[in-house]
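Source file: data-v1.cif; contents: mmCIF, C-alpha atoms and all ligand atoms.
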```
data_work
#
loop_
_atom_site.label_atom_id
_atom_site.label_comp_id
_atom_site.auth_asym_id
_atom_site.auth_seq_id
_atom_site.Cartn_x
_atom_site.Cartn_y
_atom_site.Cartn_z
CA MET L 1 -65.48 -138.91 -19.46
CA ARG L 2 -66.71 -138.49 -15.91
CA THR L 3 -69.90 -136.53 -15.40
CA VAL L 4 -70.39 -134.52 -12.25
CA GLU L 5 -73.81 -134.38 -10.64
CA PRO L 6 -74.23 -131.29 -8.46
CA ILE L 7 -74.61 -132.11 -4.77
CA SER L 8 -77.47 -130.43 -2.98
CA VAL L 9 -76.51 -127.93 -0.32
CA THR L 10 -79.89 -128.44 1.28
CA ASP L 11 -78.93 -132.06 1.99
CA ARG L 12 -77.28 -131.57 5.35
CA SER L 13 -75.26 -134.77 5.04
CA THR L 14 -73.17 -133.09 2.34
CA ALA L 15 -72.57 -129.73 4.04
CA PRO L 16 -71.28 -129.86 7.61
CA THR L 17 -71.51 -126.10 8.14
CA VAL L 18 -74.54 -123.99 7.25
CA VAL L 19 -76.37 -120.92 8.45
CA GLU L 20 -80.04 -121.38 9.05
CA ILE L 21 -82.13 -118.22 8.75
CA ASP L 22 -85.56 -118.04 10.24
CA LEU L 23 -87.52 -115.60 8.08
CA SER L 24 -90.47 -115.65 10.47
CA ALA L 25 -88.13 -114.29 13.18
CA ILE L 26 -87.20 -111.43 10.85
CA ALA L 27 -90.89 -110.74 10.21
CA HIS L 28 -91.52 -110.74 13.97
CA ASN L 29 -88.62 -108.33 14.59
CA ALA L 30 -89.78 -106.06 11.77
CA ARG L 31 -93.28 -105.82 13.26
CA LEU L 32 -91.80 -105.05 16.68
CA VAL L 33 -89.44 -102.40 15.33
CA GLN L 34 -92.23 -100.81 13.27
CA LYS L 35 -94.44 -100.62 16.35
CA MET L 36 -91.71 -99.13 18.54
CA ALA L 37 -90.54 -96.65 15.93
CA ALA L 38 -94.02 -95.31 15.14
CA PRO L 39 -94.91 -92.62 14.16
CA ALA L 40 -91.58 -92.89 12.30
CA SER L 41 -91.44 -95.36 9.39
CA VAL L 42 -88.78 -97.99 8.86
CA MET L 43 -86.06 -97.93 6.20
CA ALA L 44 -84.63 -101.45 6.48
CA VAL L 45 -80.84 -101.73 6.30
CA VAL L 46 -79.99 -104.83 4.25
CA LYS L 47 -76.33 -104.06 3.50
CA ALA L 48 -73.67 -106.78 3.61
CA ASP L 49 -76.15 -109.38 2.34
CA ALA L 50 -78.54 -108.38 5.13
CA TYR L 51 -75.79 -108.83 7.72
CA GLY L 52 -75.18 -112.32 6.35
CA HIS L 53 -78.87 -113.31 6.38
CA GLY L 54 -79.36 -113.20 2.59
CA ALA L 55 -80.49 -109.80 1.28
CA VAL L 56 -82.91 -111.00 -1.40
CA ARG L 57 -84.86 -113.41 0.81
CA VAL L 58 -84.83 -110.97 3.73
CA SER L 59 -85.95 -108.01 1.59
CA ARG L 60 -88.83 -110.01 0.09
CA LYS L 61 -89.96 -110.94 3.58
CA LEU L 62 -89.71 -107.33 4.74
CA VAL L 63 -91.78 -106.11 1.78
CA GLU L 64 -94.49 -108.56 2.88
CA GLU L 65 -94.31 -106.94 6.32
CA GLY L 66 -94.96 -103.52 4.84
CA ILE L 67 -91.42 -102.14 4.73
CA ASP L 68 -91.41 -99.56 1.94
CA TYR L 69 -87.81 -98.27 1.93
CA PHE L 70 -84.44 -100.03 1.89
CA ALA L 71 -80.83 -99.01 2.47
CA VAL L 72 -77.70 -100.77 1.25
CA ALA L 73 -74.03 -99.88 1.51
CA THR L 74 -72.89 -100.17 -2.09
CA LEU L 75 -74.16 -99.83 -5.66
CA ALA L 76 -73.39 -103.51 -6.30
CA GLU L 77 -75.66 -104.48 -3.41
CA ALA L 78 -78.43 -102.29 -4.86
CA GLU L 79 -77.93 -103.85 -8.31
CA HIS L 80 -78.21 -107.34 -6.83
CA LEU L 81 -81.56 -106.49 -5.20
CA ARG L 82 -82.90 -104.77 -8.33
CA LYS L 83 -81.93 -107.85 -10.38
CA HIS L 84 -84.01 -109.93 -8.00
CA ASP L 85 -87.03 -107.68 -8.39
CA ILE L 86 -86.84 -105.67 -5.19
CA ARG L 87 -88.45 -102.53 -6.63
CA GLU L 88 -88.89 -100.42 -3.47
CA PRO L 89 -87.11 -97.08 -3.04
CA MET L 90 -83.53 -97.75 -1.98
CA LEU L 91 -80.77 -95.54 -0.61
CA VAL L 92 -77.15 -96.41 -1.33
CA MET L 93 -75.42 -95.15 1.81
CA ALA L 94 -71.87 -95.05 0.42
CA ALA L 95 -70.38 -91.82 -0.89
CA PRO L 96 -70.86 -91.99 -4.66
CA LEU L 97 -67.58 -92.25 -6.55
CA PRO L 98 -66.99 -89.51 -9.13
CA GLY L 99 -68.70 -90.45 -12.40
CA SER L 100 -71.03 -93.05 -10.83
CA LEU L 101 -74.29 -91.09 -11.03
CA PRO L 102 -75.42 -92.70 -14.33
CA ALA L 103 -75.40 -96.07 -12.55
CA TYR L 104 -77.74 -94.68 -9.86
CA ARG L 105 -80.09 -93.42 -12.57
CA LYS L 106 -80.04 -96.73 -14.36
CA LEU L 107 -80.88 -98.68 -11.20
CA GLY L 108 -83.37 -96.10 -9.95
CA VAL L 109 -81.73 -95.86 -6.54
CA ASP L 110 -81.20 -92.86 -4.25
CA VAL L 111 -77.91 -91.00 -4.03
CA ASN L 112 -76.19 -89.98 -0.80
CA VAL L 113 -75.18 -86.34 -1.31
CA CYS L 114 -72.55 -86.08 1.40
CA SER L 115 -69.99 -83.58 0.09
CA PRO L 116 -69.95 -80.30 -1.86
CA ALA L 117 -68.23 -82.14 -4.73
CA ILE L 118 -71.04 -84.68 -5.02
CA ALA L 119 -73.63 -81.89 -4.81
CA ARG L 120 -71.88 -80.14 -7.73
CA GLU L 121 -71.86 -83.34 -9.77
CA VAL L 122 -75.58 -83.86 -9.09
CA LEU L 123 -76.34 -80.28 -10.19
CA ALA L 124 -74.12 -80.51 -13.26
CA THR L 125 -75.74 -83.73 -14.49
CA ALA L 126 -79.35 -82.92 -13.46
CA ASP L 127 -81.88 -83.97 -16.09
CA PRO L 128 -85.53 -82.90 -15.58
CA SER L 129 -86.70 -85.81 -17.72
CA ALA L 130 -85.03 -88.28 -15.32
CA PRO L 131 -84.88 -86.70 -11.85
CA LEU L 132 -82.26 -88.05 -9.51
CA HIS L 133 -83.50 -88.88 -6.00
CA ILE L 134 -81.06 -87.75 -3.34
CA HIS L 135 -80.63 -87.81 0.44
CA VAL L 136 -78.50 -84.94 1.74
CA LYS L 137 -76.26 -86.14 4.54
CA VAL L 138 -75.05 -83.88 7.33
CA ASP L 139 -72.07 -84.74 9.50
CA THR L 140 -73.37 -83.93 12.99
CA GLY L 141 -70.43 -85.47 14.85
CA MET L 142 -69.51 -88.87 13.42
CA SER L 143 -66.78 -87.32 11.22
CA ARG L 144 -67.44 -89.86 8.52
CA LEU L 145 -69.65 -88.95 5.55
CA GLY L 146 -71.64 -85.74 5.33
CA LEU L 147 -71.67 -82.02 4.68
CA MET L 148 -70.37 -79.91 7.54
CA PRO L 149 -73.29 -78.26 9.35
CA GLU L 150 -72.21 -74.75 8.22
CA GLU L 151 -72.29 -75.63 4.54
CA ALA L 152 -75.43 -77.79 4.60
CA PRO L 153 -78.25 -75.14 4.51
CA ASP L 154 -77.00 -73.34 1.36
CA ILE L 155 -76.27 -76.55 -0.54
CA LEU L 156 -79.62 -77.97 0.52
CA SER L 157 -81.60 -75.00 -0.74
CA GLU L 158 -79.69 -74.97 -4.03
CA LEU L 159 -80.44 -78.67 -4.52
CA GLN L 160 -84.10 -78.20 -3.54
CA ALA L 161 -84.46 -75.47 -6.17
CA ALA L 162 -82.74 -77.38 -8.99
CA PRO L 163 -84.89 -78.91 -11.75
CA GLY L 164 -84.07 -82.59 -12.24
CA VAL L 165 -83.09 -83.04 -8.60
CA HIS L 166 -85.51 -84.53 -6.09
CA VAL L 167 -84.42 -84.07 -2.48
CA SER L 168 -85.98 -87.21 -0.95
CA GLY L 169 -84.24 -87.07 2.40
CA LEU L 170 -82.11 -85.22 4.90
CA TRP L 171 -80.09 -87.50 7.14
CA SER L 172 -77.27 -88.04 9.59
CA HIS L 173 -75.79 -90.81 11.76
CA TYR L 174 -75.13 -91.15 15.51
CA ALA L 175 -71.72 -91.98 16.94
CA THR L 176 -72.60 -93.12 20.48
CA ALA L 177 -76.30 -94.05 20.52
CA ASP L 178 -75.41 -97.62 21.57
CA SER L 179 -73.69 -96.51 24.77
CA ALA L 180 -75.47 -96.51 28.13
CA SER L 181 -73.77 -93.24 29.10
CA ASP L 182 -74.60 -91.54 25.80
CA THR L 183 -74.98 -87.77 25.98
CA PHE L 184 -73.44 -86.93 22.59
CA SER L 185 -76.52 -88.00 20.57
CA LYS L 186 -78.44 -85.04 22.02
CA GLU L 187 -75.74 -82.67 20.73
CA GLN L 188 -75.87 -84.32 17.30
CA LEU L 189 -79.67 -84.10 17.28
CA ALA L 190 -79.56 -80.38 18.15
CA ILE L 191 -77.28 -79.73 15.17
CA PHE L 192 -79.61 -81.75 12.93
CA ASP L 193 -82.67 -79.86 14.24
CA ASP L 194 -81.02 -76.53 13.38
CA ILE L 195 -80.64 -77.65 9.78
CA VAL L 196 -84.20 -79.03 9.67
CA ARG L 197 -85.41 -75.53 10.64
CA THR L 198 -83.87 -74.12 7.46
CA LEU L 199 -85.86 -76.50 5.21
CA LYS L 200 -88.42 -75.16 2.80
CA PRO L 201 -91.29 -77.18 1.34
CA PRO L 202 -91.63 -79.66 -0.23
CA TYR L 203 -90.20 -81.29 2.91
CA PRO L 204 -87.94 -84.30 2.52
CA MET L 205 -88.06 -87.30 4.82
CA LEU L 206 -85.73 -87.09 7.83
CA HIS L 207 -83.69 -89.98 9.18
CA ILE L 208 -80.96 -90.15 11.78
CA GLY L 209 -81.47 -93.14 14.11
CA HIS L 210 -80.12 -96.66 13.59
CA SER L 211 -81.19 -99.61 15.77
CA SER L 212 -79.82 -98.25 19.01
CA GLY L 213 -81.15 -94.80 18.18
CA ILE L 214 -84.68 -95.65 17.30
CA PHE L 215 -86.50 -96.01 20.48
CA SER L 216 -85.89 -93.16 22.85
CA ASP L 217 -86.41 -89.43 23.21
CA ARG L 218 -82.72 -88.81 23.48
CA VAL L 219 -82.38 -89.62 19.80
CA THR L 220 -85.62 -88.38 18.23
CA SER L 221 -86.64 -84.76 18.71
CA LYS L 222 -90.17 -83.36 18.95
CA LEU L 223 -89.32 -81.36 15.85
CA MET L 224 -88.56 -84.55 13.89
CA ARG L 225 -91.92 -86.02 14.93
CA SER L 226 -93.72 -83.30 12.96
CA PHE L 227 -91.99 -84.35 9.74
CA ASN L 228 -92.02 -87.55 7.71
CA THR L 229 -89.38 -89.27 9.81
CA TYR L 230 -87.74 -92.62 9.14
CA VAL L 231 -85.41 -94.80 11.21
CA ARG L 232 -82.72 -97.06 9.74
CA PRO L 233 -82.54 -100.29 11.73
CA GLY L 234 -80.26 -103.12 10.73
CA ILE L 235 -79.16 -105.35 13.59
CA SER L 236 -82.50 -105.27 15.44
CA LEU L 237 -84.31 -106.67 12.37
CA TYR L 238 -82.01 -109.67 12.65
CA GLY L 239 -82.97 -110.15 16.28
CA VAL L 240 -79.87 -108.86 18.02
CA ALA L 241 -80.13 -106.07 20.58
CA SER L 242 -77.64 -103.26 20.26
CA SER L 243 -76.27 -102.69 23.73
CA THR L 244 -78.66 -100.15 25.20
CA GLY L 245 -81.37 -100.02 22.59
CA GLU L 246 -84.83 -101.24 23.23
CA PRO L 247 -86.49 -103.60 22.48
CA THR L 248 -84.94 -105.93 24.99
CA PRO L 249 -83.17 -109.08 23.84
CA ALA L 250 -86.13 -111.11 25.16
CA GLU L 251 -88.51 -109.47 22.71
CA LEU L 252 -86.29 -109.80 19.66
CA LYS L 253 -85.94 -113.20 18.01
CA PRO L 254 -82.46 -114.06 16.74
CA ALA L 255 -82.90 -115.05 13.11
CA MET L 256 -79.56 -116.75 12.47
CA ARG L 257 -78.26 -120.11 13.67
CA PHE L 258 -74.68 -120.96 12.69
CA LEU L 259 -74.54 -124.73 12.60
CA SER L 260 -71.94 -127.38 12.01
CA ARG L 261 -71.55 -131.09 12.66
CA ILE L 262 -69.29 -133.43 14.52
CA THR L 263 -67.14 -135.21 11.95
CA GLN L 264 -65.04 -137.41 14.25
CA ILE L 265 -64.90 -138.39 17.90
CA LYS L 266 -61.69 -139.46 19.60
CA ASP L 267 -60.33 -140.09 23.06
CA ILE L 268 -56.88 -138.76 23.96
CA PRO L 269 -54.75 -139.65 26.97
CA THR L 270 -53.66 -137.21 29.69
CA GLY L 271 -50.81 -134.99 28.51
CA THR L 272 -51.81 -135.00 24.83
CA THR L 273 -51.73 -131.60 23.09
CA VAL L 274 -54.37 -130.36 20.66
CA SER L 275 -54.12 -128.47 17.35
CA TYR L 276 -51.53 -126.12 15.83
CA GLY L 277 -48.95 -124.68 18.19
CA ARG L 278 -49.93 -127.20 20.92
CA THR L 279 -51.62 -124.44 22.95
CA TRP L 280 -53.86 -126.84 24.93
CA THR L 281 -52.91 -129.99 26.84
CA ALA L 282 -55.34 -132.57 28.18
CA THR L 283 -55.10 -132.74 31.98
CA GLN L 284 -57.19 -135.92 32.03
CA HIS L 285 -58.31 -138.68 29.70
CA THR L 286 -60.44 -136.59 27.31
CA ARG L 287 -63.04 -137.16 24.63
CA LEU L 288 -62.75 -134.70 21.74
CA ALA L 289 -65.31 -133.88 19.09
CA ILE L 290 -63.78 -132.72 15.83
CA VAL L 291 -66.21 -130.24 14.24
CA GLY L 292 -66.23 -129.32 10.54
CA ALA L 293 -66.12 -125.51 10.82
CA GLY L 294 -63.16 -123.16 11.05
CA TYR L 295 -62.13 -119.59 10.42
CA ALA L 296 -62.75 -119.91 6.68
CA ASP L 297 -66.39 -120.49 7.55
CA GLY L 298 -66.44 -117.35 9.71
CA TYR L 299 -65.70 -118.94 13.08
CA PRO L 300 -63.04 -116.49 14.32
CA ARG L 301 -59.57 -117.76 15.13
CA ALA L 302 -59.74 -115.47 18.19
CA LEU L 303 -62.02 -118.14 19.70
CA SER L 304 -59.05 -120.52 20.06
CA ASN L 305 -59.24 -121.83 23.67
CA ARG L 306 -62.05 -119.30 24.32
CA GLY L 307 -65.16 -120.30 22.38
CA ARG L 308 -67.96 -122.58 23.47
CA VAL L 309 -70.41 -124.44 21.27
CA GLY L 310 -73.79 -126.01 21.86
CA ILE L 311 -73.91 -129.83 21.63
CA ASP L 312 -76.84 -131.93 22.79
CA GLY L 313 -78.22 -129.07 24.91
CA GLY L 314 -74.94 -128.33 26.75
CA LEU L 315 -72.11 -125.85 26.18
CA TYR L 316 -68.64 -127.30 25.54
CA PRO L 317 -65.32 -125.47 25.13
CA VAL L 318 -63.18 -125.09 22.04
CA VAL L 319 -59.72 -126.42 22.85
CA GLY L 320 -56.56 -125.58 20.95
CA ARG L 321 -56.36 -123.25 17.98
CA VAL L 322 -59.24 -122.78 15.59
CA CYS L 323 -58.08 -124.14 12.19
CA MET L 324 -59.20 -123.02 8.75
CA ASP L 325 -61.74 -125.84 8.44
CA MET L 326 -62.07 -127.46 11.86
CA ILE L 327 -62.30 -126.94 15.60
CA MET L 328 -61.77 -129.37 18.44
CA ILE L 329 -64.28 -129.51 21.30
CA ASN L 330 -63.66 -130.87 24.78
CA LEU L 331 -66.52 -133.22 25.69
CA GLY L 332 -64.91 -134.10 29.03
CA LYS L 333 -63.99 -137.52 30.44
CA PRO L 334 -65.09 -140.32 28.10
CA THR L 335 -67.14 -141.83 30.92
CA LYS L 336 -69.05 -138.55 31.45
CA ALA L 337 -69.22 -137.25 27.86
CA PRO L 338 -72.61 -136.70 26.21
CA PRO L 339 -73.78 -139.58 23.98
CA VAL L 340 -72.94 -137.97 20.64
CA ALA L 341 -71.74 -139.37 17.33
CA PRO L 342 -70.31 -138.15 14.03
CA GLY L 343 -73.03 -136.33 12.09
CA ASP L 344 -74.56 -134.80 15.22
CA GLU L 345 -75.34 -131.10 15.14
CA VAL L 346 -73.17 -128.43 16.76
CA VAL L 347 -74.57 -124.94 17.34
CA LEU L 348 -71.77 -122.39 16.85
CA PHE L 349 -74.18 -119.61 17.77
CA GLY L 350 -77.91 -119.03 17.93
CA PRO L 351 -80.81 -120.85 19.60
CA GLY L 352 -79.60 -124.18 21.01
CA GLY L 353 -76.10 -122.81 21.64
CA PRO L 354 -74.41 -119.63 22.82
CA SER L 355 -75.91 -116.33 21.65
CA LEU L 356 -74.30 -114.39 18.81
CA THR L 357 -73.68 -111.59 21.31
CA ASP L 358 -71.79 -113.90 23.71
CA VAL L 359 -69.69 -115.45 20.97
CA ALA L 360 -68.83 -112.00 19.64
CA SER L 361 -67.70 -110.83 23.07
CA TRP L 362 -65.52 -113.95 23.55
CA ALA L 363 -63.89 -113.06 20.22
CA ASP L 364 -63.43 -109.41 21.29
CA THR L 365 -65.74 -108.14 18.61
CA ILE L 366 -69.39 -107.18 18.05
CA PRO L 367 -72.28 -109.27 16.68
CA TYR L 368 -72.31 -107.21 13.47
CA GLU L 369 -68.85 -108.44 12.51
CA LEU L 370 -69.54 -112.11 13.14
CA CYS L 371 -72.80 -112.40 11.22
CA SER L 372 -71.60 -110.29 8.29
CA ARG L 373 -68.44 -112.39 7.92
CA ILE L 374 -69.94 -115.86 7.59
CA GLY L 375 -67.70 -117.58 5.02
CA LEU L 376 -68.56 -117.60 1.33
CA ARG L 377 -68.59 -121.40 1.23
CA VAL L 378 -71.30 -121.65 3.90
CA PRO L 379 -74.75 -122.33 2.42
CA LYS L 380 -77.65 -120.23 3.70
CA LEU L 381 -80.79 -122.20 4.41
CA HIS L 382 -83.94 -120.11 4.79
CA ILE L 383 -86.71 -121.65 6.83
C1 LIG R 401 -75.25 -99.89 9.12
C2 LIG R 401 -75.95 -98.60 9.24
C3 LIG R 401 -77.21 -98.52 9.87
C4 LIG R 401 -77.84 -99.69 10.60
O1 LIG R 401 -77.26 -99.78 11.89
P1 LIG R 401 -77.74 -100.82 12.99
O2 LIG R 401 -76.95 -100.50 14.19
O3 LIG R 401 -77.46 -102.18 12.44
O4 LIG R 401 -79.22 -100.62 13.18
C5 LIG R 401 -77.87 -97.31 9.83
N1 LIG R 401 -77.31 -96.22 9.24
C6 LIG R 401 -76.09 -96.26 8.67
C7 LIG R 401 -75.52 -95.02 8.06
C8 LIG R 401 -75.36 -97.44 8.66
O5 LIG R 401 -74.14 -97.47 8.12
#
```

Rewrite the structure of this file - the entire thing - as C-alpha cells.
Amino acid sequence: MRTVEPISVTDRSTAPTVVEIDLSAIAHNARLVQKMAAPASVMAVVKADAYGHGAVRVSRKLVEEGIDYFAVATLAEAEHLRKHDIREPMLVMAAPLPGSLPAYRKLGVDVNVCSPAIAREVLATADPSAPLHIHVKVDTGMSRLGLMPEEAPDILSELQAAPGVHVSGLWSHYATADSASDTFSKEQLAIFDDIVRTLKPPYPMLHIGHSSGIFSDRVTSKLMRSFNTYVRPGISLYGVASSTGEPTPAELKPAMRFLSRITQIKDIPTGTTVSYGRTWTATQHTRLAIVGAGYADGYPRALSNRGRVGIDGGLYPVVGRVCMDMIMINLGKPTKAPPVAPGDEVVLFGPGGPSLTDVASWADTIPYELCSRIGLRVPKLHI
C-alpha cells in the first residue's frame, strides 16, 4: 500500500500560488484607524475571512492592538472565531433567520435587530437569566437591513424596557460615503440623530460609519460625539483606501500580496495565437511566461488581455484568456525580455506588482471583491 506524506504549503516550491499576509501592516493600519477615529472606538469588521486575510490570525493581531469589538457577516463566521478563542464582543451583521436566536445565545454573540419580526422574536424568547445582547439597526437610506425610521423609536424603547434584553447598540449604514460628491450621508446622519434623541438611559453604543465614513464631519455628528460611538472599518484595516476616505493610500499599508510563480518559459513566432479562443496574436517574436494562477485561484477572467503582473520589478501584460489554472504573460522580444526562469515569483497584486485597487479597476470591480474571492485552494501565509 502506498502511504501519502502531506506536502507542506509553506514550502513555496510545492505551491505556485499563495497569498502572503503581513500582520504587522494590519497592526499599523489598526493603529492609524484608531487614531483617526478617536474619540470613537473601533469595531473591526472581519467578515469574509477578514476580506480574505484570515479572520483568526487577523483578529488575534487586532486584539493585541487593543481592538475590543468585532463584526462578522454570518453566524458561521462568528462560530469559527469563537472556536479559535476570540472571546471579544462580536456583532453578527446579517439579519437573523427565524429560529436562530438560540445559536446567538450559545455563541455569546450580538444580534442585529433589524425588523419588527426579529424584535418580536427577541421579546418572545427573552430570558433574564441569559440576556441577549442586541444592536438595533435603522434603515436611514440604504434600503437594505433595518427598521424604518418611523417604527424605530417605539420598538427601541420596548426593547430597552424588556428584562432579558440588553440593547448594546443602535446602528445604521451609509450608502454613498465612498463617493467624492457625497451629500446623502448628511441626510442619513440627520435621520439617525433624530432617533438618537429619543434614546433613554442606559445609552447604547452608536455606530454608523464604515471605512469611508469614519474620518470626516460629514459622517459623524456632534451629537454622536457625546455618546459612546464606534466606527466599523473593514477595508482600511487591510490597507486599502476606500475612494474618498482618509487616511490616504500612502499612509495605509496594503497587507495582502497575491503571489504566483512562472512555471514555464517559451518563445513563440510572429503570428502565433495564445490561449482559449485565440484572442491574442503575437505581432513579433515573443517570449511568454506561463504562470500557475488562474480564475480558480481568484485571478478574474475579466483580466484576459487586460491585466498586468509584477515580474522582476517590471509590469508585464496578461495576453490571451485567463484560464482556470494559468495565465500567459508577454515578456516582450526574447532579446529584450527580463532574465527570468521557471520558479521565479510573479506578483499578481500587492507590493512589488500592481496595487489591488488597480487590478480591481482593470477587472471592472472593487478591491473588496478581489481580496474576498481568493480561491479556496490558495494557501494563506502569515508573516
Ligand atoms: C462590510 C461592512 C462594513 C465595513 O465596510 P468597509 O467599507 O470595508 O469599511 C461596515 N458595516 C457594514 C454593515 C458592512 O456590511

Item to check | Shell around Val319 of chain L at 9 Å using only C-alpha atoms, local window under 6 positions removed, as a list of chain:residue names | outcome: L:Val274, L:Ser275, L:Thr279, L:Trp280, L:Thr281, L:Leu288, L:Ser304, L:Asn305, L:Arg306, L:Gly307, L:Ile327, L:Met328, L:Ile329, L:Asn330

What are the closest atom pairs, with distances in Å to one decimal, for each residue of chain L lying within 7 Å of ligand LIG 401 (chain R), using all atoms listed in the file, rows by chain and rising residue number, as a Markdown table?
```
| residue | atom | partner | partner_atom | distance |
| --- | --- | --- | --- | --- |
| L:Val45 | CA | R:LIG401 | C4 | 5.6 |
| L:Met93 | CA | R:LIG401 | C7 | 6.3 |
| L:His173 | CA | R:LIG401 | C7 | 5.6 |
| L:Gly209 | CA | R:LIG401 | C5 | 7.0 |
| L:His210 | CA | R:LIG401 | O4 | 4.1 |
| L:Ser211 | CA | R:LIG401 | O4 | 3.4 |
| L:Ser212 | CA | R:LIG401 | O2 | 6.0 |
| L:Arg232 | CA | R:LIG401 | C5 | 4.9 |
| L:Pro233 | CA | R:LIG401 | O4 | 3.6 |
| L:Gly234 | CA | R:LIG401 | O3 | 3.4 |
| L:Ile235 | CA | R:LIG401 | O3 | 3.8 |
| L:Ser236 | CA | R:LIG401 | O4 | 6.1 |
| L:Ser242 | CA | R:LIG401 | O2 | 6.7 |
```

Next on the checklist: List the spatial neighbours of His53 of chain L as a ChimeraX atom specification - criterion: any atom at most 12 Å away, all atoms listed in the file, same-chain residues fewer than 3 positions off excluded.
Outcome noted: /L:18-23,25-26,45-50,56-59,61,234-235,237-239,254-258,368,370-374,378-383

Applying 8 Å and only C-alpha atoms, which residues near Phe349 of chain L remain after dropping the ones on its own chain fewer than 6 positions away? List them as a PDB file with C-alpha atoms, keeping the file's coordinate frame.
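Output (out-v7.pdb):
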```
ATOM      1  CA  ARG L 257     -78.260-120.110  13.670  1.00  0.00           C
ATOM      2  CA  PHE L 258     -74.680-120.960  12.690  1.00  0.00           C
ATOM      3  CA  LEU L 259     -74.540-124.730  12.600  1.00  0.00           C
ATOM      4  CA  VAL L 309     -70.410-124.440  21.270  1.00  0.00           C
ATOM      5  CA  GLY L 310     -73.790-126.010  21.860  1.00  0.00           C
ATOM      6  CA  SER L 355     -75.910-116.330  21.650  1.00  0.00           C
ATOM      7  CA  LEU L 356     -74.300-114.390  18.810  1.00  0.00           C
ATOM      8  CA  VAL L 359     -69.690-115.450  20.970  1.00  0.00           C
TER       9      VAL L 359
END
```

Item to check | atom CA of Val122 of chain L to atom CA of Ser100 of chain L, straight-line distance in Å | outcome: 10.4 Å

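Between atom CA of Lys266 of chain L and atom CA of Ala289 of chain L lies a distance of 6.7 Å.
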
Next on the checklist: For a test of reading the model, state the distance in Å between atom CA of Pro131 of chain L and atom CA of His207 of chain L, rounded to one decimal.
Outcome noted: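 That distance, rounded to one decimal, is 21.3 Å.
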
Checklist outcome for this item: Across L:Leu189, L:Ala124, L:Arg31, L:Val196, the smallest distance to Ser157 of chain L, with all atoms listed in the file counted, is shown by L:Val196

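Nearest to Val136 of chain L of all the residues L:Asp178, L:Asp110, L:Asp85, L:Asp312 is L:Asp110, counting all atoms listed in the file.
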
Item to check | Spatial neighbours of Ile262 of chain L, 8 Å, only C-alpha atoms, chain gap at least 5 places, as a VMD selection string | outcome: chain L and resid 289 to 292 341 to 346

Next on the checklist: Please determine, counting all atoms listed in the file, which residue among L:Ile155, L:Val165, L:Met326, L:Leu81 has the shortest atom-to-atom distance to Val111 of chain L.
Outcome noted: L:Val165

Next on the checklist: Can you tell me which residues surround segment 297-302 of chain L at a distance of at most 8 Å, considering all atoms listed in the file, apart from same-chain residues fewer than 2 positions away, and format the answer as a PyMOL selection string?
Outcome noted: chain L and resi 17+293-295+304+306+321-325+348+363-364+370+373-378

Got time to write the residues from that selection, C-alpha atoms, as a PDB file, in the frame of the given file?
```
ATOM      1  CA  THR L  17     -71.510-126.100   8.140  1.00  0.00           C
ATOM      2  CA  ALA L 293     -66.120-125.510  10.820  1.00  0.00           C
ATOM      3  CA  GLY L 294     -63.160-123.160  11.050  1.00  0.00           C
ATOM      4  CA  TYR L 295     -62.130-119.590  10.420  1.00  0.00           C
ATOM      5  CA  SER L 304     -59.050-120.520  20.060  1.00  0.00           C
ATOM      6  CA  ARG L 306     -62.050-119.300  24.320  1.00  0.00           C
ATOM      7  CA  ARG L 321     -56.360-123.250  17.980  1.00  0.00           C
ATOM      8  CA  VAL L 322     -59.240-122.780  15.590  1.00  0.00           C
ATOM      9  CA  CYS L 323     -58.080-124.140  12.190  1.00  0.00           C
ATOM     10  CA  MET L 324     -59.200-123.020   8.750  1.00  0.00           C
ATOM     11  CA  ASP L 325     -61.740-125.840   8.440  1.00  0.00           C
ATOM     12  CA  LEU L 348     -71.770-122.390  16.850  1.00  0.00           C
ATOM     13  CA  ALA L 363     -63.890-113.060  20.220  1.00  0.00           C
ATOM     14  CA  ASP L 364     -63.430-109.410  21.290  1.00  0.00           C
ATOM     15  CA  LEU L 370     -69.540-112.110  13.140  1.00  0.00           C
ATOM     16  CA  ARG L 373     -68.440-112.390   7.920  1.00  0.00           C
ATOM     17  CA  ILE L 374     -69.940-115.860   7.590  1.00  0.00           C
ATOM     18  CA  GLY L 375     -67.700-117.580   5.020  1.00  0.00           C
ATOM     19  CA  LEU L 376     -68.560-117.600   1.330  1.00  0.00           C
ATOM     20  CA  ARG L 377     -68.590-121.400   1.230  1.00  0.00           C
ATOM     21  CA  VAL L 378     -71.300-121.650   3.900  1.00  0.00           C
TER      22      VAL L 378
END
```

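The list of residues within 8 Å of (-93.5, -108.2, 10.0), counted using all atoms listed in the file, is Ile26, Ala27, His28, Asn29, Ala30, Arg31, Leu32, Lys61, Leu62, Glu64, Glu65 and Gly66 of chain L.
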
Next on the checklist: Counting all atoms listed in the file, which residue out of L:Ala180, L:Leu199, L:Ala190, L:Met142 sits closest to Gln160 of chain L?
Outcome noted: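 Among L:Ala180, L:Leu199, L:Ala190, L:Met142, it is L:Leu199 that comes nearest to Gln160 of chain L.
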